[in-house]
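Student: I have a structure I would like to understand better, so I am pasting it below and will then ask my questions one at a time.
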There are 4 protein chains.
Amino acid sequence: MSFNSFGNVFRFTTWGESHGPGLGVVIDGCPPGIELAEADIQPWMDKRRPGQSRHTTQRREPDEVRIMSGVFEGRTTGTPIHLMIENVDQRSRDYSEIAGKYRPGHADYTYDAKYGFRDYRGGGRSSARETAARVAAGVVARKLLGKGVSISGYLVELGGIAVDRDHFDAAAIGNNAFFSPDAEVAAQWEAAVDKARKAGSSLGAVAECVATGVPAGWGAPVYAKLDSELAKAMMTINATKGVEIGNGFEAARIRGEENADEMMPGDGGPEFLSNNAGGILGGISTGAPVSCRVAFKPTSSILTPMRSITREGEATEISTKGRHDPCVGIRGVPVVEAMMALVLADQMLLHRAQCG
Amino acid sequence: MSFNSFGNVFRFTTWGESHGPGLGVVIDGCPPGIELAEADIQPWMDKRRPGQSRHTTQRREPDEVRIMSGVFEGRTTGTPIHLMIENVDQRSRDYSEIAGKYRPGHADYTYDAKYGFRDYRGGGRSSARETAARVAAGVVARKLLGKGVSISGYLVELGGIAVDRDHFDAAAIGNNAFFSPDAEVAAQWEAAVDKARKAGSSLGAVAECVATGVPAGWGAPVYAKLDSELAKAMMTINATKGVEIGNGFEAARIRGEENADEMMPGDGGPEFLSNNAGGILGGISTGAPVSCRVAFKPTSSILTPMRSITREGEATEISTKGRHDPCVGIRGVPVVEAMMALVLADQMLLHRAQCG
Amino acid sequence: MSFNSFGNVFRFTTWGESHGPGLGVVIDGCPPGIELAEADIQPWMDKRRPGQSRHTTQRREPDEVRIMSGVFEGRTTGTPIHLMIENVDQRSRDYSEIAGKYRPGHADYTYDAKYGFRDYRGGGRSSARETAARVAAGVVARKLLGKGVSISGYLVELGGIAVDRDHFDAAAIGNNAFFSPDAEVAAQWEAAVDKARKAGSSLGAVAECVATGVPAGWGAPVYAKLDSELAKAMMTINATKGVEIGNGFEAARIRGEENADEMMPGDGGPEFLSNNAGGILGGISTGAPVSCRVAFKPTSSILTPMRSITREGEATEISTKGRHDPCVGIRGVPVVEAMMALVLADQMLLHRAQCG
Amino acid sequence: MSFNSFGNVFRFTTWGESHGPGLGVVIDGCPPGIELAEADIQPWMDKRRPGQSRHTTQRREPDEVRIMSGVFEGRTTGTPIHLMIENVDQRSRDYSEIAGKYRPGHADYTYDAKYGFRDYRGGGRSSARETAARVAAGVVARKLLGKGVSISGYLVELGGIAVDRDHFDAAAIGNNAFFSPDAEVAAQWEAAVDKARKAGSSLGAVAECVATGVPAGWGAPVYAKLDSELAKAMMTINATKGVEIGNGFEAARIRGEENADEMMPGDGGPEFLSNNAGGILGGISTGAPVSCRVAFKPTSSILTPMRSITREGEATEISTKGRHDPCVGIRGVPVVEAMMALVLADQMLLHRAQCG
């Protein structure tokens with residue numbers, strides 16, 4: 001067990017705080033011989049990197065990844081890969097207000113309750129800055145999975161406004177600031193986020209992630225199910241409150257004959273006539289696309305004053321200034337993708353271990 | 001890592017199939033000195049036990065638990081506790097239809113894809129019969145947690161019909177066949193389940209589980225969060241497709257100032273003015289009730305004929321006869337409670353390990 | 001982590017006490033499709049089984065293994081294999097002397113110090129009876145390793161009398177009560193053990209175990225080295241006090257050019273001109289035979305009176321009556337073999353996971 | 001499971017190679033509130049640091065440790081502590097000879113066999129340079145254990161020359177280049193090492209490590225025994241070939257009544273009249289000093305030409321030039337101490353988890 005590690009055979013451990021010198025991830029168990037260079041990683045970092053539009057935090061971090069170990073002559077060696085990212089824009093300011101009060105919806109109080117004190121600079125370890133390390137690790141996972149497995153994440157809902165599935169356009173995802181597959185709804189989201197930001201408020205979102213090309217047979221009963229690993233992975237991301245596999249909660253509302261995906265003879269396995277299961281049955285992949293959805297709560301750091309208490313237990317009011325994402329779900333999309341890749345890479349190796 | 005174990009310090013491993021001689025659970029890491037007798041366990045087994053109403057499978061299993069090790073003179077010794085349950089009503093019948101075809105919505109195909117063959121008798125290891133072992137282990141977890149922590153599970157939705165929160169009555173839960181906290185809606189559910197059963201169909205459900213008395217400080221960032229452990233735990237239960245913590249997906253639809261739970265000075269910590277967080281912030285318990293919801297899909301074993309394929313890849317049709325729950329979510333309630341207890345017991349010990 | 005489990009991908013968990021109803025082992029992660037029947041296991045159990053000569057304890061246990069799960073139609077299914085052994089000769093007697101006093105050299109005091117009380121019947125969980133479960137699990141490991149890997153254990157020293165390496169005869173090992181590869185020395189050991197038993201004393205021994213056919217490449221730097229896994233495995237066996245890999249402590253006494261095994265071109269890899277390394281370099285197998293030696297202390301349960309204290313801390317004297325092995329190292333040989341097999345099986349799967 | 005991590009609740013992961021930019025260790029699970037500064041760590045690094053006498057490698061590394069995370073305002077926060085060490089004296093030279101040949105006694109061949117290629121610069125990941133990270137982590141472990149636990153390591157044998165136990169002088173250990181507790185023998189060792197170095201040869205050594213102040217009750221049956229954890233820990237150190245607990249192999253050569261440590265009433269527990277057990281019975285600490293011995297083979301990197309093969313499988317001869325320790329056992333002493341501290345810190349937390 002390890003509080004800051006994830007995975008079984010393909011296993012990573014992250015370290016670092018929002019306002020320390022940097023952060024990083026040590027990847028253990030990666031197969032040897034995989035081509036890996038810093039230039040491969042950067043484009044993925046840029047997807048998550050802040051400060052690229054007015055809809056995310058204005059903290060400026062280049063998020064340049066340095067490979068510190070585990071790669072020799074351009075290929076992974078089979079030994080630990082340490083990827084490190086320097087923090088360069090920790091803004092020096094007075095944290096006295098945050099240090100002495102608990103922000104509602106934040107980990108401030110719980111860290112203090114658990115550890116007796118906390119690093120209050122930018123949230124310390126509880127900051128979503130940690131997710132940069134996941135994105136970096138996710139690139140290695142994608143390399144391991146190979147080109148046969150394709151992972152696509154996007155938002156399907158923001159501030160209660162859902163995409164229209166009939167307008168789904170994969171090409172649109174990269175062409176707006178919201179990872180929206182529906183160009184029309186992206187415009188509505190933009191207005192909503194602008195309004196929330198100006199009002200000192202924030203919005204939630206729902207991300208969806210689909211992996212195609214996963215062969216049947218990955219995952220394992222009963223406590224290492226592919227869906228339970230995914231649920232765990234997604235729930236470790238900051239601000240997540242719910243996870244669905246396939247049709248999720250909708251499954252609870254339809255009848256058995258509507259929900260069970262019928263099968264027809266297909267190429268090299270069954271063809272499923274629907275995919276309510278999200279590509280997973282009995283905790284094992286079916287060969288159909290693996291899909292999940294993740295709910296992000298609205299950012300807790302808001303200008304709107306909220307009632308709270310001080311460390312001494314006195315009533316107070318708090319208004320969180322500083323640089324924050326008005327909707328953390330947006331930058332959550334590349335993190336969800338990374339976690340999907342990391343879970344699948346681990347499951348690929350676990351399956352190979354047991355079943356050859 | 002272990003495919004069939006769950007937990008870190010308080011860790012259990014289950015074994016057994018639907019139609020083998022029995023099943024069991026080995027609990028490792030349990031503190032010494034806890035009073036434990038077979039008679040303590042039985043009432044909890046009876047909550048999950050089949051055959052108690054017409055709304056569950058008619059398989060007759062007494063589910064008598066035998067303590068095989070780890071208890072001496074009525075108390076746990078600190079060494080592995082093995083709890084064993086005999087299978088007594090494995091009905092001897094012809095499995096040739098199931099053996100040669102894949103039931104839609106079932107693990108039949110995926111087990112075969114993964115392992116090259118499968119134990120098709122009653123679903124083998126993929127059967128929800130495994131959850132009996134969890135309920136037994138959950139009793140030990142409850143004992144460890146002590147009377148200060150109280151865990152209550154119930155259904156909040158069945159077949160798309162939700163309880164009325166204004167009618168919530170904790171006393172009602174034990175007085176109907178559906179673990180419903182709303183006596184009125186229980187009558188509607190009864191009609192719905194009867195109708196589905198007679199139609200050879202099945203229904204889904206949503207369970208909710210709340211643990212009160214959990215102190216602030218349990219759980220740990222960032223990959224052993226209390227919410228990620230709960231999400232994983234719940235997603236290992238058969239037929240689950242979604243998990244929510246606190247207000248879950250609803251959080252994605254409201255604004256930051258609506259969602260963040262404000263705080264007032266309270267006794268020995270903050271009093272939260274709401275509990276959208278479900279008692280968890282930053283992966284650590286707040287002291288407020290820990291709550292989650294779990295979506296169960298409708299039973300995949302239905303009489304209604306479905307299109308499928310044979311092991312040889314030929315198109316076929318299948319109608320699943322035999323004894324099945326028309327709504328597996330009902331008997332899922334005690335399993336959800338057990339998993340909540342098992343996660344909390346483990347987190348209690350983990351917190352004690354790190355923070356004394 | 002788990003106190004009563006061993007292994008990573010091929011992982012087993014044991015339960016049971018000396019005088020409970022039985023004991024068992026749950027094997028998780030075993031590949032599917034391996035032929036396994038109870039009759040395969042019994043011959044190995046018989047090697048360790050007590051009561052077969054006057055040189056071991058007179059407790060009569062048939063050690064019949066029952067396969068409770070994980071095998072279908074004669075083959076492993078990939079799901080947990082539970083092997084169970086009933087205790088049948090727990091002699092009913094008065095334990096009041098042992099219950100109130102601590103036997104020197106035993107775990108009596110330490111269990112009490114750790115857990116606050118203990119199961120004193122026959123040593124409870126600290127009894128070497130637990131090793132029966134390892135031997136059973138070891139059979140599954142051997143099946144997984146296949147016929148290419150051959151594991152041979154034997155004693156090289158008993159009561160300070162060493163075998164003569166020039167008399168080494170593999171065929172002799174099975175033909176005496178001491179697993180001696182030197183028929184001449186076996187006669188001396190017999191006299192020594194008889195003498196010790198009659199004197200109410202006991203003797204120690206050194207076991208050696210060699211695995212041939214292990215391919216180069218198993219094991220992994222730096223905290224999962226093949227030698228560190230073996231050292232751990234052997235040190236979990238009751239009464240062990242030392243482990244050597246290859247030439248062990250002798251390596252510390254010779255010069256670098258004497259110790260380093262030179263290489264010549266061989267078939268499909270190097271031919272090593274010596275094997276001081278015991279088949280392991282840098283924690284990874286070389287392809288040469290993997291070898292280790294294990295020191296067993298003399299049985300602590302002896303008739304000779306020893307000074308001790310009572311649970312209340314009073315000075316006392318104790319003489320351990322009952323049925324005991326005068327030299328536990330003898331029956332330790334099949335356990336050492338089993339642990340070698342279990343470590344190798346796990347490493348085989350781990351290597352496959354990472355390196356394909 | 002993790003190839004490059006060690007420990008359960010107090011768990012560390014190391015990364016880095018001999019000739020990469022640096023190396024480091026991420027410590028997870030450390031309790032909060034422990035005072036920790038870079039200046040605390042440096043003195044321990046200096047004990048292991050090379051280039052301090054002519055008896056160790058002449059590579060010049062300051063081994064300055066930088067705390068990258070997990071410490072705030074001078075105290076541990078409970079989140080991951082990353083300690084990083086820069087490599088500054090990776091000598092730029094031609095590795096073509098080593099790259100194409102396998103050094104006998106080295107991991108060269110096995111890394112290649114496992115991974116298909118290797119980082120040959122200074123041994124890459126197989127270099128003992130990795131042990132710097134352990135020493136750094138060991139300082140945190142010592143801090144956690146507190147002043148009540150005292151750990152002392154020293155050599156008891158070098159090149160076959162043993163210390164005289166009657167001359168044991170704890171004060172001498174720090175006053176010679178060999179961590180010798182016997183000043184007289186240190187002079188003999190000096191001559192032996194000088195001779196070996198000049199001859200292009202190398203010597204082995206045996207280290208002993210004793211921890212006093214460990215309370216009774218740490219460690220856990222049966223696969224997490226304190227002695228099995230120690231054996232594993234010590235066997236992960238480069239060049240180790242054997243481990244003994246207490247009297248080790250000597251136990252196999254004496255009778256039961258000689259070996260079992262008698263007990264007398266003592267202060268707050270038994271007083272043991274001897275300590276053959278090395279402070280561990282049944283895998284659990286007795287309260288007596290915990291002791292072990294570790295055998296180090298002679299350095300494999302020697303000038304004396306040895307027969308070997310090339311990567312292409314051709315016969316060749318190799319003479320290892322460059323900077324090497326003529327006796328790696330010397331600098332092994334602080335590493336053995338660090339591993340003792342790391343095992344004990346983990347066991348302390350594990351015991352607290354289960355037993356409060």
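Chain labels A, B, ... are given in the sequence in which chains occur in the structure tokens; within each chain residues are numbered consecutively from 1, and ligands are likewise numbered from 1 in the order shown.
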Might you pull out every residue within 9 Å of Met306 in chain C, with only C-alpha atoms counted and same-chain residues fewer than 6 positions away left off, and present them as a PDB file with all heavy atoms, in the first residue's frame?

Tutor:
```pdb
ATOM      1  N   ARG C 103       7.783 -20.358  26.940  1.00  0.00           N
ATOM      2  CA  ARG C 103       8.853 -21.292  26.602  1.00  0.00           C
ATOM      3  C   ARG C 103      10.038 -20.540  25.976  1.00  0.00           C
ATOM      4  O   ARG C 103       9.858 -19.860  24.964  1.00  0.00           O
ATOM      5  CB  ARG C 103       8.324 -22.350  25.621  1.00  0.00           C
ATOM      6  CG  ARG C 103       7.329 -23.312  26.259  1.00  0.00           C
ATOM      7  CD  ARG C 103       6.642 -24.153  25.195  1.00  0.00           C
ATOM      8  NE  ARG C 103       5.810 -23.326  24.334  1.00  0.00           N
ATOM      9  CZ  ARG C 103       5.259 -23.713  23.201  1.00  0.00           C
ATOM     10  NH1 ARG C 103       5.482 -24.947  22.756  1.00  0.00           N
ATOM     11  NH2 ARG C 103       4.508 -22.905  22.495  1.00  0.00           N
ATOM     12  N   PRO C 104      11.228 -20.670  26.516  1.00  0.00           N
ATOM     13  CA  PRO C 104      12.394 -20.008  25.912  1.00  0.00           C
ATOM     14  C   PRO C 104      12.572 -20.431  24.453  1.00  0.00           C
ATOM     15  O   PRO C 104      12.386 -21.604  24.107  1.00  0.00           O
ATOM     16  CB  PRO C 104      13.565 -20.499  26.768  1.00  0.00           C
ATOM     17  CG  PRO C 104      12.961 -20.824  28.090  1.00  0.00           C
ATOM     18  CD  PRO C 104      11.590 -21.375  27.764  1.00  0.00           C
ATOM     19  N   THR C 316      10.317 -18.839  36.924  1.00  0.00           N
ATOM     20  CA  THR C 316       9.823 -20.212  36.939  1.00  0.00           C
ATOM     21  C   THR C 316      10.788 -21.076  36.145  1.00  0.00           C
ATOM     22  O   THR C 316      11.828 -20.609  35.676  1.00  0.00           O
ATOM     23  CB  THR C 316       8.397 -20.296  36.356  1.00  0.00           C
ATOM     24  OG1 THR C 316       7.891 -21.627  36.536  1.00  0.00           O
ATOM     25  CG2 THR C 316       8.392 -19.991  34.850  1.00  0.00           C
ATOM     26  N   GLU C 317      10.456 -22.341  36.045  1.00  0.00           N
ATOM     27  CA  GLU C 317      11.248 -23.265  35.237  1.00  0.00           C
ATOM     28  C   GLU C 317      10.261 -23.986  34.323  1.00  0.00           C
ATOM     29  O   GLU C 317       9.116 -24.219  34.696  1.00  0.00           O
ATOM     30  CB  GLU C 317      11.945 -24.262  36.155  1.00  0.00           C
ATOM     31  CG  GLU C 317      13.055 -25.010  35.470  1.00  0.00           C
ATOM     32  CD  GLU C 317      13.868 -25.830  36.461  1.00  0.00           C
ATOM     33  OE1 GLU C 317      13.338 -26.858  36.943  1.00  0.00           O
ATOM     34  OE2 GLU C 317      15.018 -25.448  36.756  1.00  0.00           O
ATOM     35  N   ILE C 318      10.713 -24.327  33.116  1.00  0.00           N
ATOM     36  CA  ILE C 318       9.786 -24.998  32.213  1.00  0.00           C
ATOM     37  C   ILE C 318      10.489 -26.130  31.479  1.00  0.00           C
ATOM     38  O   ILE C 318      11.655 -26.034  31.099  1.00  0.00           O
ATOM     39  CB  ILE C 318       9.140 -23.990  31.220  1.00  0.00           C
ATOM     40  CG1 ILE C 318       7.974 -24.644  30.458  1.00  0.00           C
ATOM     41  CG2 ILE C 318      10.172 -23.434  30.238  1.00  0.00           C
ATOM     42  CD1 ILE C 318       7.065 -23.633  29.780  1.00  0.00           C
ATOM     43  N   SER C 319       9.751 -27.219  31.315  1.00  0.00           N
ATOM     44  CA  SER C 319      10.219 -28.379  30.571  1.00  0.00           C
ATOM     45  C   SER C 319       9.097 -28.716  29.609  1.00  0.00           C
ATOM     46  O   SER C 319       7.976 -28.977  30.033  1.00  0.00           O
ATOM     47  CB  SER C 319      10.476 -29.528  31.561  1.00  0.00           C
ATOM     48  OG  SER C 319      10.520 -30.754  30.871  1.00  0.00           O
TER      49      SER C 319
ATOM     50  N   GLU D 257      19.115 -26.624  24.195  1.00  0.00           N
ATOM     51  CA  GLU D 257      19.225 -25.967  25.509  1.00  0.00           C
ATOM     52  C   GLU D 257      20.335 -24.909  25.522  1.00  0.00           C
ATOM     53  O   GLU D 257      20.342 -24.015  26.370  1.00  0.00           O
ATOM     54  CB  GLU D 257      19.426 -27.001  26.630  1.00  0.00           C
ATOM     55  CG  GLU D 257      20.663 -27.840  26.544  1.00  0.00           C
ATOM     56  CD  GLU D 257      20.486 -29.085  25.673  1.00  0.00           C
ATOM     57  OE1 GLU D 257      19.584 -29.105  24.803  1.00  0.00           O
ATOM     58  OE2 GLU D 257      21.273 -30.041  25.863  1.00  0.00           O
ATOM     59  N   ALA D 260      18.296 -21.781  23.054  1.00  0.00           N
ATOM     60  CA  ALA D 260      17.121 -21.033  23.528  1.00  0.00           C
ATOM     61  C   ALA D 260      17.545 -20.069  24.631  1.00  0.00           C
ATOM     62  O   ALA D 260      18.194 -20.474  25.603  1.00  0.00           O
ATOM     63  CB  ALA D 260      16.059 -22.017  24.017  1.00  0.00           C
ATOM     64  N   ASP D 261      17.178 -18.822  24.490  1.00  0.00           N
ATOM     65  CA  ASP D 261      17.567 -17.794  25.460  1.00  0.00           C
ATOM     66  C   ASP D 261      16.664 -17.870  26.689  1.00  0.00           C
ATOM     67  O   ASP D 261      15.460 -17.606  26.595  1.00  0.00           O
ATOM     68  CB  ASP D 261      17.470 -16.406  24.811  1.00  0.00           C
ATOM     69  CG  ASP D 261      18.315 -16.287  23.547  1.00  0.00           C
ATOM     70  OD1 ASP D 261      19.508 -16.651  23.592  1.00  0.00           O
ATOM     71  OD2 ASP D 261      17.780 -15.850  22.506  1.00  0.00           O
ATOM     72  N   GLU D 262      17.255 -18.214  27.836  1.00  0.00           N
ATOM     73  CA  GLU D 262      16.463 -18.291  29.057  1.00  0.00           C
ATOM     74  C   GLU D 262      16.025 -16.896  29.495  1.00  0.00           C
ATOM     75  O   GLU D 262      16.614 -15.892  29.103  1.00  0.00           O
ATOM     76  CB  GLU D 262      17.273 -18.976  30.155  1.00  0.00           C
ATOM     77  CG  GLU D 262      17.531 -20.454  29.839  1.00  0.00           C
ATOM     78  CD  GLU D 262      18.228 -21.171  30.982  1.00  0.00           C
ATOM     79  OE1 GLU D 262      19.361 -20.780  31.319  1.00  0.00           O
ATOM     80  OE2 GLU D 262      17.627 -22.109  31.540  1.00  0.00           O
ATOM     81  N   MET D 263      14.992 -16.889  30.300  1.00  0.00           N
ATOM     82  CA  MET D 263      14.423 -15.611  30.746  1.00  0.00           C
ATOM     83  C   MET D 263      14.394 -15.510  32.259  1.00  0.00           C
ATOM     84  O   MET D 263      14.186 -16.507  32.952  1.00  0.00           O
ATOM     85  CB  MET D 263      12.970 -15.479  30.249  1.00  0.00           C
ATOM     86  CG  MET D 263      12.833 -15.201  28.773  1.00  0.00           C
ATOM     87  SD  MET D 263      11.078 -15.195  28.261  1.00  0.00           S
ATOM     88  CE  MET D 263      10.930 -16.893  27.688  1.00  0.00           C
TER      89      MET D 263
END
```

Student: Residues at most 10 Å from Ala162 in chain C, counting only C-alpha atoms, excluding those fewer than 3 positions away in the same chain, as an NGL selection string?

Tutor: (:C and (155-159 or 165 or 180 or 182 or 185-186 or 189 or 205-206)) or (:D and (253))

Student: Residues of chain A within 7 Å of chain C, counting only C-alpha atoms, what are they? List them as a list in words.

Tutor: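 Matching residues, ligands excluded from the count: Met1, Gly29, Cys30, Pro31, Pro32, Leu349, Leu350, Arg352, Ala353, Gln354 and Cys355 of chain A.
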
Student: May I have the residues from that selection written out with N, CA and C atoms, as a PDB file, in the first residue's frame?

Tutor:
```pdb
ATOM      1  N   MET A   1       0.838  -1.194   0.000  1.00  0.00           N
ATOM      2  CA  MET A   1       0.000   0.000   0.000  1.00  0.00           C
ATOM      3  C   MET A   1       0.879   1.252   0.000  1.00  0.00           C
ATOM      4  N   GLY A  29       8.113  -0.213 -13.236  1.00  0.00           N
ATOM      5  CA  GLY A  29       7.536  -1.374 -13.906  1.00  0.00           C
ATOM      6  C   GLY A  29       7.304  -1.179 -15.385  1.00  0.00           C
ATOM      7  N   CYS A  30       7.714  -0.053 -15.918  1.00  0.00           N
ATOM      8  CA  CYS A  30       7.528   0.176 -17.355  1.00  0.00           C
ATOM      9  C   CYS A  30       8.407  -0.791 -18.144  1.00  0.00           C
ATOM     10  N   PRO A  31       7.861  -1.443 -19.126  1.00  0.00           N
ATOM     11  CA  PRO A  31       8.671  -2.323 -19.970  1.00  0.00           C
ATOM     12  C   PRO A  31       9.841  -1.577 -20.619  1.00  0.00           C
ATOM     13  N   PRO A  32      10.889  -2.299 -20.915  1.00  0.00           N
ATOM     14  CA  PRO A  32      12.057  -1.674 -21.547  1.00  0.00           C
ATOM     15  C   PRO A  32      11.836  -1.486 -23.048  1.00  0.00           C
ATOM     16  N   LEU A 349      -0.439  -5.100 -18.525  1.00  0.00           N
ATOM     17  CA  LEU A 349       0.673  -5.880 -17.965  1.00  0.00           C
ATOM     18  C   LEU A 349       0.179  -6.950 -16.995  1.00  0.00           C
ATOM     19  N   LEU A 350      -0.839  -6.607 -16.212  1.00  0.00           N
ATOM     20  CA  LEU A 350      -1.392  -7.601 -15.281  1.00  0.00           C
ATOM     21  C   LEU A 350      -1.983  -8.782 -16.041  1.00  0.00           C
ATOM     22  N   ARG A 352      -1.109  -9.783 -18.999  1.00  0.00           N
ATOM     23  CA  ARG A 352       0.014 -10.528 -19.565  1.00  0.00           C
ATOM     24  C   ARG A 352       0.678 -11.394 -18.494  1.00  0.00           C
ATOM     25  N   ALA A 353       0.765 -10.852 -17.277  1.00  0.00           N
ATOM     26  CA  ALA A 353       1.376 -11.632 -16.190  1.00  0.00           C
ATOM     27  C   ALA A 353       0.609 -12.930 -15.963  1.00  0.00           C
ATOM     28  N   GLN A 354      -0.696 -12.811 -15.841  1.00  0.00           N
ATOM     29  CA  GLN A 354      -1.461 -14.007 -15.481  1.00  0.00           C
ATOM     30  C   GLN A 354      -1.763 -14.908 -16.670  1.00  0.00           C
ATOM     31  N   CYS A 355      -2.047 -14.285 -17.801  1.00  0.00           N
ATOM     32  CA  CYS A 355      -2.557 -15.081 -18.914  1.00  0.00           C
ATOM     33  C   CYS A 355      -1.603 -15.179 -20.108  1.00  0.00           C
TER      34      CYS A 355
END
```

Student: Which is closer to Asp112 in chain D than all the others in A:His55, A:Thr77, A:Gly70, A:Gly22, using only C-alpha atoms?

Tutor: A:Thr77

Student: How far is it from CA of Phe6 in chain B to CA of Ala107 in chain A, in Å with one decimal?

Tutor: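 Distance between the two atoms: 26.2 Å.
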
Student: Apply DSSP to the backbone of this structure and, from range 125-235 of chain A, keep only the residues in strand (DSSP E or B); write these as a list in words.

Tutor: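 DSSP on the backbone gives strand (DSSP E or B) at Ser150, Ile151, Ser152, Gly153, Tyr154, Leu155, Val156, Glu157, Leu158, Ile161, Ala162, Ala205, Val206, Ala207, Glu208, Cys209, Val210, Ala211, Thr212, Ala220 and Ala224 of chain A.
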
Student: Would you pick out the contacts of Gly266 in chain B at 12 Å or less, using only C-alpha atoms, so that residues sharing its chain but fewer than 5 positions from it are not included, and give the list as JSON, numbers by chain?

Tutor: {"A": [308, 309, 310, 312, 313, 314, 315], "B": [271, 272, 273, 287, 288]}

Student: Considering only C-alpha atoms, return as a VMD selection string whatever protein or nucleic-acid residues lie within 12 Å of Lys143 in chain D, sequence-local ones (same chain, fewer than 2 positions apart) excluded.

Tutor: chain D and resid 30 to 37 40 to 41 75 to 76 136 to 141 145 to 151 338 341 to 342 344 to 345

Student: Quick one: everything within 7 Å of range 120-122 of chain A, counting only C-alpha atoms, minus sequence neighbours fewer than 3 positions away in the same chain. Send it as a compact mmCIF listing (two decimals) with N, CA and C atoms, in the first residue's frame.

Tutor:
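Result written to around.txt:
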```txt
# COMPACT_ATOMS: atom_id res chain seq x y z
N SER A 18 2.07 22.59 -4.54
CA SER A 18 1.76 23.73 -5.41
C SER A 18 2.87 24.78 -5.39
N HIS A 19 3.43 25.04 -4.21
CA HIS A 19 4.38 26.15 -4.10
C HIS A 19 5.76 25.72 -3.65
N TYR A 95 -0.06 34.73 2.73
CA TYR A 95 -1.04 33.65 2.88
C TYR A 95 -1.73 33.70 4.25
N ILE A 98 -5.50 32.72 4.39
CA ILE A 98 -5.77 31.30 4.16
C ILE A 98 -5.16 30.45 5.27
N ALA A 99 -4.02 30.87 5.76
CA ALA A 99 -3.33 30.08 6.78
C ALA A 99 -4.18 29.95 8.04
N SER A 127 -3.39 20.67 -3.85
CA SER A 127 -3.58 21.43 -5.09
C SER A 127 -3.67 20.50 -6.31
```

Student: Take CA of Lys232 in chain D and CA of Leu230 in chain C and report the distance between them in Å, one decimal.

Tutor: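 A separation of 7.9 Å between them.
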
Student: Which of these, D:Ser274, D:Tyr102, D:Gly268, D:Gly246, has the shortest distance to Arg118 in chain D once you count only C-alpha atoms?

Tutor: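 Among D:Ser274, D:Tyr102, D:Gly268, D:Gly246, it is D:Tyr102 that comes nearest to Arg118 in chain D.
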
Student: Give the answer as one residue: which of B:Val328, B:Gly123, B:Met340, B:Ser291 has the shortest atom-to-atom distance to Gln90 in chain B, using only C-alpha atoms?

Tutor: B:Gly123

Student: Kindly give the distance, in Å, that separates CA of Tyr154 in chain B and CA of Asn259 in chain A, rounded to a single decimal.

Tutor: 23.1 Å

Student: Would you give me, as a VMD selection string, the residues in range 14-182 of chain C that DSSP reads as alpha helix (DSSP H)?

Tutor: chain C and resid 38 to 48 96 to 100 108 to 115 131 to 145
